[in-house]
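Novice: Have a peek at query24.txt (compact mmCIF, C-alpha atoms).
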# COMPACT_ATOMS: atom_id res chain seq x y z
CA MET A 1 -71.68 -29.73 -33.77
CA SER A 2 -73.39 -30.71 -30.57
CA VAL A 3 -75.39 -28.14 -28.71
CA SER A 4 -75.75 -28.31 -24.99
CA PRO A 5 -79.34 -28.97 -24.00
CA ASP A 6 -78.89 -26.28 -21.37
CA MET A 7 -78.19 -23.60 -23.98
CA GLY A 8 -81.77 -22.49 -24.25
CA VAL A 9 -81.88 -21.98 -20.54
CA ALA A 10 -78.47 -20.26 -20.35
CA LEU A 11 -79.30 -17.59 -22.94
CA PRO A 12 -82.44 -15.47 -22.61
CA ILE A 13 -84.58 -15.69 -25.73
CA SER A 14 -84.22 -11.96 -26.48
CA GLN A 15 -80.46 -12.35 -26.53
CA VAL A 16 -80.60 -15.37 -28.81
CA LEU A 17 -82.77 -13.53 -31.33
CA ALA A 18 -80.96 -10.18 -31.11
CA PRO A 19 -79.27 -9.12 -34.35
CA ALA A 20 -75.49 -9.09 -34.41
CA ALA A 21 -75.41 -5.39 -35.28
CA PRO A 22 -76.29 -2.70 -32.73
CA PRO A 23 -79.91 -1.56 -32.94
CA VAL A 24 -78.97 1.80 -34.47
CA GLU A 25 -77.61 0.01 -37.54
CA ALA A 26 -80.84 -1.79 -38.11
CA ASP A 27 -82.63 1.23 -39.49
CA TRP A 28 -83.57 1.43 -43.11
CA GLU A 29 -81.11 4.11 -44.18
CA THR A 30 -78.17 2.30 -42.63
CA THR A 31 -79.24 -0.86 -44.42
CA LEU A 32 -79.33 1.02 -47.71
CA VAL A 33 -75.92 2.59 -47.15
CA ARG A 34 -74.40 -0.76 -46.20
CA GLY A 35 -76.04 -2.38 -49.25
CA SER A 36 -74.64 0.34 -51.50
CA GLN A 37 -71.20 -0.10 -49.98
CA GLN A 38 -71.41 -3.76 -50.94
CA GLY A 39 -72.35 -2.89 -54.52
CA ASP A 40 -76.09 -3.59 -54.36
CA PRO A 41 -77.58 -1.48 -57.22
CA GLU A 42 -81.11 -1.60 -55.79
CA ALA A 43 -79.92 -0.24 -52.44
CA PHE A 44 -78.13 2.58 -54.24
CA ARG A 45 -81.22 3.37 -56.31
CA LEU A 46 -83.38 3.60 -53.18
CA LEU A 47 -80.77 5.74 -51.45
CA MET A 48 -80.76 8.04 -54.45
CA GLU A 49 -84.53 8.31 -54.44
CA ARG A 50 -84.40 9.19 -50.75
CA TYR A 51 -81.90 12.02 -51.17
CA GLN A 52 -82.34 13.36 -54.69
CA GLY A 53 -84.89 15.95 -53.53
CA LYS A 54 -82.44 17.32 -50.94
CA VAL A 55 -79.64 17.43 -53.49
CA PHE A 56 -81.79 19.26 -56.04
CA SER A 57 -82.96 21.68 -53.37
CA ILE A 58 -79.53 22.71 -52.09
CA ALA A 59 -78.02 22.80 -55.59
CA TYR A 60 -80.80 25.13 -56.71
CA ALA A 61 -80.36 27.33 -53.63
CA LEU A 62 -76.68 27.78 -54.39
CA VAL A 63 -76.51 27.97 -58.19
CA ARG A 64 -79.99 29.21 -59.21
CA ARG A 65 -79.92 27.81 -62.71
CA ARG A 66 -82.68 25.27 -63.15
CA GLN A 67 -81.17 23.81 -66.32
CA ASP A 68 -77.87 23.02 -64.55
CA VAL A 69 -79.23 21.57 -61.33
CA GLU A 70 -79.80 18.11 -62.78
CA ASP A 71 -76.23 18.01 -64.16
CA ILE A 72 -74.88 18.92 -60.75
CA ALA A 73 -77.09 16.32 -59.05
CA GLN A 74 -75.89 13.71 -61.54
CA GLN A 75 -72.28 14.51 -60.66
CA VAL A 76 -73.12 14.37 -56.96
CA PHE A 77 -74.61 10.88 -57.16
CA THR A 78 -71.76 9.65 -59.35
CA LYS A 79 -69.35 10.84 -56.66
CA VAL A 80 -71.50 9.31 -53.94
CA TYR A 81 -71.43 5.97 -55.80
CA PHE A 82 -67.65 5.92 -56.03
CA SER A 83 -66.93 7.17 -52.53
CA ILE A 84 -69.68 5.56 -50.48
CA ALA A 85 -67.28 2.80 -49.44
CA GLN A 86 -65.39 5.43 -47.44
CA PHE A 87 -68.47 6.59 -45.53
CA ASP A 88 -67.84 5.47 -41.93
CA PHE A 89 -71.15 6.36 -40.18
CA ARG A 90 -69.41 8.85 -37.89
CA SER A 91 -71.75 11.59 -39.10
CA ALA A 92 -75.31 11.48 -40.42
CA PHE A 93 -75.47 10.32 -44.04
CA LEU A 94 -77.41 13.49 -44.86
CA THR A 95 -74.55 15.75 -43.76
CA TRP A 96 -72.10 13.65 -45.81
CA ILE A 97 -74.17 13.86 -48.99
CA TYR A 98 -74.87 17.53 -48.29
CA LYS A 99 -71.14 18.21 -48.10
CA ILE A 100 -70.56 16.54 -51.47
CA THR A 101 -73.41 18.55 -53.00
CA VAL A 102 -72.13 21.88 -51.67
CA ASN A 103 -68.61 21.14 -52.95
CA GLU A 104 -69.97 20.21 -56.36
CA CYS A 105 -71.93 23.48 -56.46
CA TYR A 106 -68.78 25.41 -55.65
CA ASP A 107 -66.95 23.67 -58.49
CA TYR A 108 -69.78 24.79 -60.76
CA LEU A 109 -69.75 28.36 -59.42
CA ARG A 110 -65.99 28.58 -59.84
CA LYS A 111 -66.38 27.72 -63.54
CA GLN A 112 -69.23 30.21 -63.97
CA ARG A 113 -67.81 32.96 -61.81
CA SER A 114 -66.10 35.03 -64.48
CA ASN A 115 -69.25 36.05 -66.30
CA ARG A 116 -72.17 35.57 -63.95
CA THR A 117 -71.41 36.46 -60.38
CA ILE A 118 -71.12 40.00 -59.22
CA CYS A 119 -68.46 41.08 -56.80
CA VAL A 120 -69.67 42.56 -53.51
CA SER A 121 -67.24 45.44 -53.73
CA GLU A 122 -68.76 46.42 -57.08
CA MET A 123 -72.25 46.91 -55.60
CA THR A 124 -73.65 50.37 -55.17
CA GLU A 125 -74.33 51.55 -51.65
CA ASP A 126 -78.04 51.01 -52.18
CA GLU A 127 -77.46 47.46 -53.43
CA GLN A 128 -75.27 46.67 -50.45
CA ARG A 129 -77.96 47.95 -48.11
CA LYS A 130 -80.56 45.75 -49.78
CA PHE A 131 -78.17 42.82 -49.69
CA SER A 132 -77.55 43.26 -45.94
CA ASN A 133 -81.26 43.62 -45.19
CA HIS A 134 -82.60 41.07 -47.62
CA GLN A 135 -85.01 43.44 -49.32
CA SER A 136 -85.90 40.99 -52.05
CA GLU A 137 -89.12 42.75 -53.04
CA ASP A 138 -87.09 45.64 -54.51
CA VAL A 139 -84.77 43.37 -56.48
CA LEU A 140 -85.47 41.84 -59.88
CA PRO A 141 -85.48 38.02 -60.03
CA ASP A 142 -82.28 37.82 -62.10
CA ARG A 143 -80.53 40.11 -59.68
CA GLN A 144 -81.84 38.03 -56.78
CA ALA A 145 -80.16 34.99 -58.30
CA GLU A 146 -76.91 36.95 -58.52
CA LEU A 147 -77.17 38.04 -54.90
CA ALA A 148 -77.81 34.43 -53.90
CA GLN A 149 -74.62 33.48 -55.70
CA THR A 150 -72.80 36.29 -53.94
CA THR A 151 -73.90 34.86 -50.59
CA ALA A 152 -72.86 31.42 -51.79
CA LEU A 153 -69.40 32.76 -52.59
CA LEU A 154 -69.09 34.51 -49.22
CA LEU A 155 -70.20 31.31 -47.55
CA ARG A 156 -67.51 29.42 -49.38
CA LYS A 157 -64.92 31.18 -47.23
CA VAL A 158 -66.57 29.95 -44.03
CA PRO A 159 -65.09 26.68 -42.65
CA GLU A 160 -66.92 23.63 -43.95
CA GLU A 161 -68.54 22.58 -40.67
CA GLU A 162 -69.91 26.07 -39.98
CA ARG A 163 -71.05 26.41 -43.58
CA LEU A 164 -73.04 23.16 -43.32
CA LEU A 165 -74.59 24.28 -40.06
CA LEU A 166 -75.67 27.62 -41.53
CA LEU A 167 -77.11 26.00 -44.67
CA LEU A 168 -78.98 23.32 -42.75
CA ARG A 169 -80.36 25.85 -40.30
CA GLU A 170 -81.13 28.79 -42.58
CA VAL A 171 -81.92 27.18 -45.92
CA GLU A 172 -83.24 23.77 -44.93
CA GLY A 173 -84.86 24.99 -41.73
CA TYR A 174 -83.60 22.27 -39.36
CA SER A 175 -84.23 22.91 -35.68
CA ILE A 176 -81.46 23.09 -33.08
CA HIS A 177 -82.66 19.72 -31.80
CA ASP A 178 -82.40 18.14 -35.28
CA LEU A 179 -78.92 19.57 -35.80
CA SER A 180 -77.88 18.32 -32.39
CA ARG A 181 -78.88 14.77 -33.36
CA MET A 182 -77.40 15.05 -36.84
CA PHE A 183 -73.95 16.16 -35.67
CA GLY A 184 -73.95 14.30 -32.37
CA TRP A 185 -73.46 17.47 -30.28
CA ASN A 186 -75.54 18.79 -27.42
CA GLU A 187 -77.89 21.68 -28.21
CA ASN A 188 -75.74 24.32 -26.52
CA THR A 189 -72.77 23.30 -28.65
CA VAL A 190 -74.91 23.68 -31.77
CA LYS A 191 -75.98 27.17 -30.64
CA VAL A 192 -72.43 28.27 -29.90
CA LYS A 193 -71.17 26.95 -33.23
CA LEU A 194 -74.01 28.66 -35.09
CA PHE A 195 -73.28 31.90 -33.25
CA ARG A 196 -69.63 31.74 -34.30
CA ALA A 197 -70.56 30.76 -37.85
CA ARG A 198 -72.80 33.83 -38.16
CA GLN A 199 -70.08 36.09 -36.82
CA ARG A 200 -67.59 34.64 -39.26
CA LEU A 201 -69.90 35.13 -42.25
CA VAL A 202 -70.38 38.79 -41.33
CA LYS A 203 -66.64 39.30 -40.89
CA ILE A 204 -66.03 37.81 -44.32
CA ALA A 205 -68.68 40.06 -45.83
CA ASN A 206 -67.08 43.03 -44.07
CA ARG A 207 -63.76 42.18 -45.59
CA HIS A 208 -65.48 42.35 -48.99
CA SER A 209 -66.36 46.02 -48.57
CA LEU A 210 -69.63 45.69 -46.75
CA SER A 211 -68.40 47.02 -43.42
CA ALA A 212 -69.44 50.63 -43.89
CA ARG A 213 -72.93 49.82 -45.12
CA LYS A 214 -74.40 48.00 -42.18
CA ALA A 215 -78.11 48.21 -41.85
CA MET B 216 -72.59 39.71 -17.13
CA ARG B 217 -74.43 36.75 -18.66
CA HIS B 218 -74.75 37.25 -22.41
CA LEU B 219 -78.26 36.23 -23.34
CA VAL B 220 -77.73 36.66 -27.08
CA GLU B 221 -75.29 33.79 -27.29
CA GLU B 222 -77.69 31.52 -25.40
CA GLN B 223 -81.03 32.56 -26.88
CA LEU B 224 -80.16 34.01 -30.26
CA GLU B 225 -81.52 31.11 -32.30
CA GLU B 226 -84.81 31.09 -30.44
CA TYR B 227 -85.05 34.89 -30.71
CA LEU B 228 -84.40 34.91 -34.48
CA GLY B 229 -86.86 32.05 -34.92
CA GLY B 230 -89.51 33.81 -32.79
CA GLU B 231 -89.51 30.85 -30.40
CA LEU B 232 -89.08 32.75 -27.11
CA SER B 233 -92.03 33.04 -24.76
CA ALA B 234 -93.37 36.55 -24.07
CA GLY B 235 -91.56 36.66 -20.72
CA GLU B 236 -88.29 35.43 -22.20
CA GLU B 237 -88.50 37.94 -25.04
CA GLN B 238 -89.06 40.81 -22.64
CA ALA B 239 -86.06 39.75 -20.55
CA PHE B 240 -84.04 39.45 -23.76
CA GLN B 241 -84.98 43.01 -24.83
CA GLU B 242 -84.19 44.41 -21.40
CA HIS B 243 -80.82 42.73 -21.47
CA LEU B 244 -80.08 44.26 -24.90
CA GLU B 245 -80.68 47.74 -23.49
CA GLN B 246 -77.97 47.18 -20.90
CA CYS B 247 -75.46 45.10 -22.86
CA ARG B 248 -73.61 46.71 -25.75
CA ALA B 249 -71.79 43.46 -26.67
CA CYS B 250 -75.09 41.62 -27.05
CA THR B 251 -76.60 44.45 -29.09
CA GLU B 252 -73.66 44.26 -31.50
CA SER B 253 -73.82 40.47 -31.62
CA LEU B 254 -77.51 40.59 -32.42
CA ALA B 255 -76.92 43.11 -35.22
CA GLU B 256 -74.27 40.82 -36.72
CA ALA B 257 -76.52 37.81 -36.40
CA ARG B 258 -79.37 39.64 -38.13
CA ARG B 259 -77.05 40.61 -40.96
CA SER B 260 -75.83 37.04 -41.42
CA HIS B 261 -79.49 35.93 -41.34
CA SER B 262 -80.17 38.41 -44.17
CA TYR B 263 -77.26 37.15 -46.29
CA MET B 264 -78.44 33.57 -45.84
CA ALA B 265 -82.02 34.53 -46.70
CA TRP B 266 -80.91 35.22 -50.28
CA LEU B 267 -80.21 31.52 -50.60
CA VAL B 268 -83.80 30.58 -49.89
CA PRO B 269 -85.43 30.56 -53.34
CA GLU B 270 -88.88 32.08 -53.66
CA GLU B 271 -89.93 29.40 -56.12
CA ALA B 272 -89.77 25.63 -55.66
CA PRO B 273 -86.57 23.90 -56.79
CA PRO B 274 -86.67 21.70 -59.91
CA VAL B 275 -87.47 18.04 -59.45
CA PRO B 276 -85.59 15.09 -60.96
CA GLY B 277 -86.83 14.15 -64.41
CA PRO B 278 -88.04 10.60 -65.21
CA GLY B 279 -84.69 9.61 -66.74
CA PHE B 280 -82.56 10.93 -63.90
CA HIS B 281 -81.73 7.56 -62.41
CA PHE B 282 -80.79 6.21 -65.84
CA ARG B 283 -78.55 9.23 -66.48
CA VAL B 284 -76.72 8.65 -63.22
CA GLN B 285 -76.26 4.97 -64.06
CA LEU B 286 -74.87 5.91 -67.45
CA ALA B 287 -72.49 8.45 -65.93
CA ILE B 288 -71.27 5.82 -63.45
CA GLU B 289 -70.64 3.31 -66.25
CA GLN B 290 -68.78 5.88 -68.33
CA GLU B 291 -66.68 6.84 -65.36
CA MET B 292 -65.82 3.20 -64.76
CA GLU B 293 -64.85 2.65 -68.38
CA SER B 294 -62.77 5.81 -68.63
CA SER B 295 -60.71 5.13 -65.56
CA TRP B 296 -60.28 1.39 -65.28
CA LEU B 297 -57.08 1.75 -63.33
CA ALA B 298 -58.68 4.15 -60.88
CA GLY B 299 -61.61 1.75 -60.65
CA LEU B 300 -59.27 -1.11 -59.91
CA THR B 301 -57.54 0.92 -57.23
CA ARG B 302 -60.84 1.89 -55.70
CA SER B 303 -62.21 -1.61 -55.71
CA LEU B 304 -59.15 -2.99 -53.97
CA ARG B 305 -58.20 -2.13 -50.46
CA PRO B 306 -55.40 0.46 -50.32
CA ARG B 307 -53.08 -2.04 -48.68
CA LEU B 308 -53.33 -4.21 -51.83
CA ALA B 309 -53.69 -1.45 -54.38
CA TYR B 310 -50.58 0.51 -53.45
CA PRO B 311 -48.17 -2.45 -53.65
CA LEU B 312 -49.80 -3.39 -56.97
CA VAL B 313 -49.22 0.07 -58.40
CA PHE B 314 -45.68 0.03 -57.00
CA LEU B 315 -44.97 -3.30 -58.71
CA MET B 316 -46.35 -1.99 -62.00
CA LEU B 317 -44.14 1.08 -61.79
CA LEU B 318 -41.14 -1.06 -60.91
CA SER B 319 -41.82 -3.35 -63.85
CA ALA B 320 -42.17 -0.39 -66.22
CA ALA B 321 -38.95 1.16 -64.93
CA TRP B 322 -37.09 -2.15 -65.36
CA THR B 323 -38.38 -2.55 -68.92
CA LEU B 324 -37.40 0.99 -69.89
CA THR B 325 -33.92 0.82 -68.40
CA MET B 326 -33.06 -2.73 -69.58
CA GLU B 327 -30.02 -2.73 -71.96
CA VAL B 328 -30.54 -4.35 -75.38
CA ASP B 329 -27.68 -6.65 -76.44
CA THR B 330 -25.85 -5.64 -79.61
CA GLU B 331 -25.28 -8.11 -82.50
CA GLU B 332 -21.63 -8.60 -81.52
CA GLU B 333 -22.63 -9.42 -77.94
CA ILE B 334 -25.11 -12.00 -79.21
CA LEU B 335 -22.49 -13.60 -81.40
CA ALA B 336 -19.92 -13.54 -78.63
CA ALA B 337 -22.35 -15.22 -76.29
CA PHE B 338 -23.09 -17.96 -78.85
CA PRO B 339 -21.19 -21.23 -78.23
CA SER B 340 -17.84 -21.15 -80.08
CA GLN B 341 -18.29 -24.45 -81.99
CA PHE B 342 -21.32 -22.96 -83.75
CA SER B 343 -19.97 -19.51 -84.23
CA THR B 344 -16.86 -20.16 -86.32
CA THR B 345 -16.65 -17.44 -88.85
CA ILE B 346 -14.56 -17.14 -91.91
CA SER B 347 -12.24 -14.33 -91.10
CA SER B 348 -10.41 -13.70 -94.34
CA GLU B 349 -10.81 -14.00 -98.14
CA ALA B 350 -7.90 -16.51 -98.35
CA GLU B 351 -9.53 -18.78 -95.80
CA ARG B 352 -12.83 -18.52 -97.68
CA MET B 353 -11.08 -19.61 -100.92
CA ASP B 354 -9.35 -22.51 -99.12
CA SER B 355 -12.65 -23.66 -97.80
CA ARG B 356 -14.22 -23.49 -101.26
CA ASP B 357 -11.32 -25.51 -102.72
CA LEU B 358 -11.72 -28.08 -99.99
CA VAL B 359 -15.40 -28.47 -100.84
CA MET B 360 -14.62 -28.77 -104.56
CA ALA B 361 -11.89 -31.34 -103.93
CA THR B 362 -14.21 -33.41 -101.81
CA LEU B 363 -16.87 -33.34 -104.54
CA VAL B 364 -14.27 -34.41 -107.15
CA ASP B 365 -13.11 -37.24 -104.91
CA LEU B 366 -16.64 -38.45 -104.48
CA THR B 367 -17.25 -38.35 -108.27
CA ASP B 368 -14.04 -40.30 -108.92
CA GLU B 369 -15.01 -42.98 -106.48
CA GLU B 370 -18.25 -43.50 -108.39
What does this structure look like when you write it as C-alpha cells?
Specialist:
Amino acid sequence: MSVSPDMGVALPISQVLAPAAPPVEADWETTLVRGSQQGDPEAFRLLMERYQGKVFSIAYALVRRRQDVEDIAQQVFTKVYFSIAQFDFRSAFLTWIYKITVNECYDYLRKQRSNRTICVSEMTEDEQRKFSNHQSEDVLPDRQAELAQTTALLLRKVPEEERLLLLLREVEGYSIHDLSRMFGWNENTVKVKLFRARQRLVKIANRHSLSARKA
Amino acid sequence: MRHLVEEQLEEYLGGELSAGEEQAFQEHLEQCRACTESLAEARRSHSYMAWLVPEEAPPVPGPGFHFRVQLAIEQEMESSWLAGLTRSLRPRLAYPLVFLMLLSAAWTLTMEVDTEEEILAAFPSQFSTTISSEAERMDSRDLVMATLVDLTDEE
C-alpha cells in the first residue's frame, strides 16, 4: 500500500498517535473489564482483587455471618464471570457488581429467613423505638445482627436503584459528588432520588407496624 | 415556600452545612411543617440504615479465595455445558441452534417405524418370492430332488 508523502503533514501528530478508543475507555478498570469480557483470566483475576473487598464488605453488612460471607462472595464472582459479557459500560462497574452482590445476599437471606430473621411486627415497643433511633449501645451484638437483617429485608422492598443509592451513601459513605459521577446524574438529581428513597424506606417500615412508634 | 430540607438534607445529615446555612435551615424548620416531617422521616431512615454499618471490620478474603472462585467457575462450566455453549455464542446463533436441536428431537420422536410386513412389501418382488402354501413347498422340494437325481444319472 502506498502512503502519500503528504500524510504526515495532513494529520496532526496527536491525531495520528491517538488511540482508537475514546479516552475514557483507556483507564485501567475499563481495560480489565474488556479483557475479562474477552476471556483473559489474568484480567479477571485483577478485577476480582480490585473488588473483592467491596463485595465482602457489603455482604457482611447485609448478612452478618462471617462464615458465610466468603461463600456469597464466591457466588458473586462466579456470576460476574458468566455475565460480564453483558456489561455494557452504561453504569459504573462498581454499581453493577454491587447490584449482583446485593441480589446474592437477598437470595441468602431468603433461604435463612425462616429461622434467623425477626419480623418487625413481632418487636416490642421498646425494641421498635431502639430500632428507629439506632440505639445500638443498648442492644446485644447478636440482636444487632438481627436488626441489621431486618433493615436489609425492609430495604429489599425499595426499588433497586434507590436501594443501591441508600447503600452506597449510608453504608459505603460515598459523597453526593461521587454518586453523581457513578450514576451519571447531576448532584441535585442524586439528592432528590435519595430524598425519595429515604421516604420510601420509612413508608415500608411503617407498613410493617412501625408507624405508631416513631421516635 | 422553598423547601430547604429537600435541597440541603444530605448536607444537614452529614453535618456539612456552614454555621450560617445551618441556622437558616433551623429557622426554616420552625416555619415549615412539611420540612419538619420530612426531616423526621429522613432521620428515621438514617437510623434504619445505620444498623447495616457493622461495628467491627468485615472479614477479608482468605488466601485460597481466588482458587475457590476458579474451581466454582470450572464446576459451573462442566455442569451446564449446554448453557455454557449458549452463553459463549451470540444469541442470534444460539437460539436457531437450540431450535434446530429441538426440531431434530421432535422429528426423531415422532418418526414412524416400519413394520416387518412393510419392509417385505417394499423389497423388490423378484427377491421376495415367498412360499405361500404347504403344497407349493412340497412341489419345490420334489423339484429339487428330481434335479439332483437327474444330475446323478448323468454322471
Novice: For a quick check of understanding, using only C-alpha atoms, which of A:Ala85, A:Val76, A:Lys193, A:Leu153 has the smallest distance to Gln112 (chain A)?
Specialist: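 Of A:Ala85, A:Val76, A:Lys193, A:Leu153, the one nearest Gln112 (chain A), counting only C-alpha atoms, is A:Leu153.
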Novice: Give me, as a PDB file with C-alpha atoms, in the coordinates of the input, the residues of chain A touching chain B, with the criterion being at most 6 Å (counting all atoms listed in the file).
Specialist:
ATOM      1  CA  SER A  57     -82.960  21.680 -53.370  1.00  0.00           C
ATOM      2  CA  TYR A  60     -80.800  25.130 -56.710  1.00  0.00           C
ATOM      3  CA  ALA A  61     -80.360  27.330 -53.630  1.00  0.00           C
ATOM      4  CA  GLN A  74     -75.890  13.710 -61.540  1.00  0.00           C
ATOM      5  CA  THR A  78     -71.760   9.650 -59.350  1.00  0.00           C
ATOM      6  CA  SER A 132     -77.550  43.260 -45.940  1.00  0.00           C
ATOM      7  CA  ASN A 133     -81.260  43.620 -45.190  1.00  0.00           C
ATOM      8  CA  HIS A 134     -82.600  41.070 -47.620  1.00  0.00           C
ATOM      9  CA  ALA A 148     -77.810  34.430 -53.900  1.00  0.00           C
ATOM     10  CA  THR A 151     -73.900  34.860 -50.590  1.00  0.00           C
ATOM     11  CA  VAL A 171     -81.920  27.180 -45.920  1.00  0.00           C
ATOM     12  CA  ARG A 198     -72.800  33.830 -38.160  1.00  0.00           C
ATOM     13  CA  VAL A 202     -70.380  38.790 -41.330  1.00  0.00           C
TER      14      VAL A 202
END
Novice: For Thr150 (chain A), which residue out of A:Ile58, A:Leu165, A:Met48, A:Met123 is the nearest one, using only C-alpha atoms?
Specialist: A:Met123
Novice: As an exercise, work out the distance from CA of Gly184 (chain A) to CA of Tyr106 (chain A) in Å and give it to one decimal place.
Specialist: 26.3 Å
Novice: Of the candidates A:Ala59, A:Leu147, A:Ala197, A:Ala92, which one gets nearest to Glu172 (chain A) if we count all atoms listed in the file?
Specialist: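 The answer is A:Ala59, which sits nearest to Glu172 (chain A).
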Novice: CA of Gly173 (chain A) to CA of Ala249 (chain B): how many Å, to one decimal?
Specialist: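 Rounded to one decimal, the two atoms are 27.2 Å apart.
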Novice: Considering all atoms listed in the file, return as a PDB file with C-alpha atoms, in the frame of the given file whatever protein or nucleic-acid residues lie within 10 Å of Lys99 (chain A), sequence-local ones (same chain, fewer than 3 positions apart) excluded.
Specialist:
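Here's the written file part-v4.pdb:
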ATOM      1  CA  VAL A  76     -73.120  14.370 -56.960  1.00  0.00           C
ATOM      2  CA  PHE A  93     -75.470  10.320 -44.040  1.00  0.00           C
ATOM      3  CA  LEU A  94     -77.410  13.490 -44.860  1.00  0.00           C
ATOM      4  CA  THR A  95     -74.550  15.750 -43.760  1.00  0.00           C
ATOM      5  CA  TRP A  96     -72.100  13.650 -45.810  1.00  0.00           C
ATOM      6  CA  VAL A 102     -72.130  21.880 -51.670  1.00  0.00           C
ATOM      7  CA  ASN A 103     -68.610  21.140 -52.950  1.00  0.00           C
ATOM      8  CA  GLU A 104     -69.970  20.210 -56.360  1.00  0.00           C
ATOM      9  CA  CYS A 105     -71.930  23.480 -56.460  1.00  0.00           C
ATOM     10  CA  GLU A 160     -66.920  23.630 -43.950  1.00  0.00           C
ATOM     11  CA  GLU A 161     -68.540  22.580 -40.670  1.00  0.00           C
ATOM     12  CA  ARG A 163     -71.050  26.410 -43.580  1.00  0.00           C
ATOM     13  CA  LEU A 164     -73.040  23.160 -43.320  1.00  0.00           C
TER      14      LEU A 164
END
Novice: Quick one: distance from CA of His177 (chain A) to CA of Val192 (chain A) in Å, one decimal?
Specialist: 13.5 Å
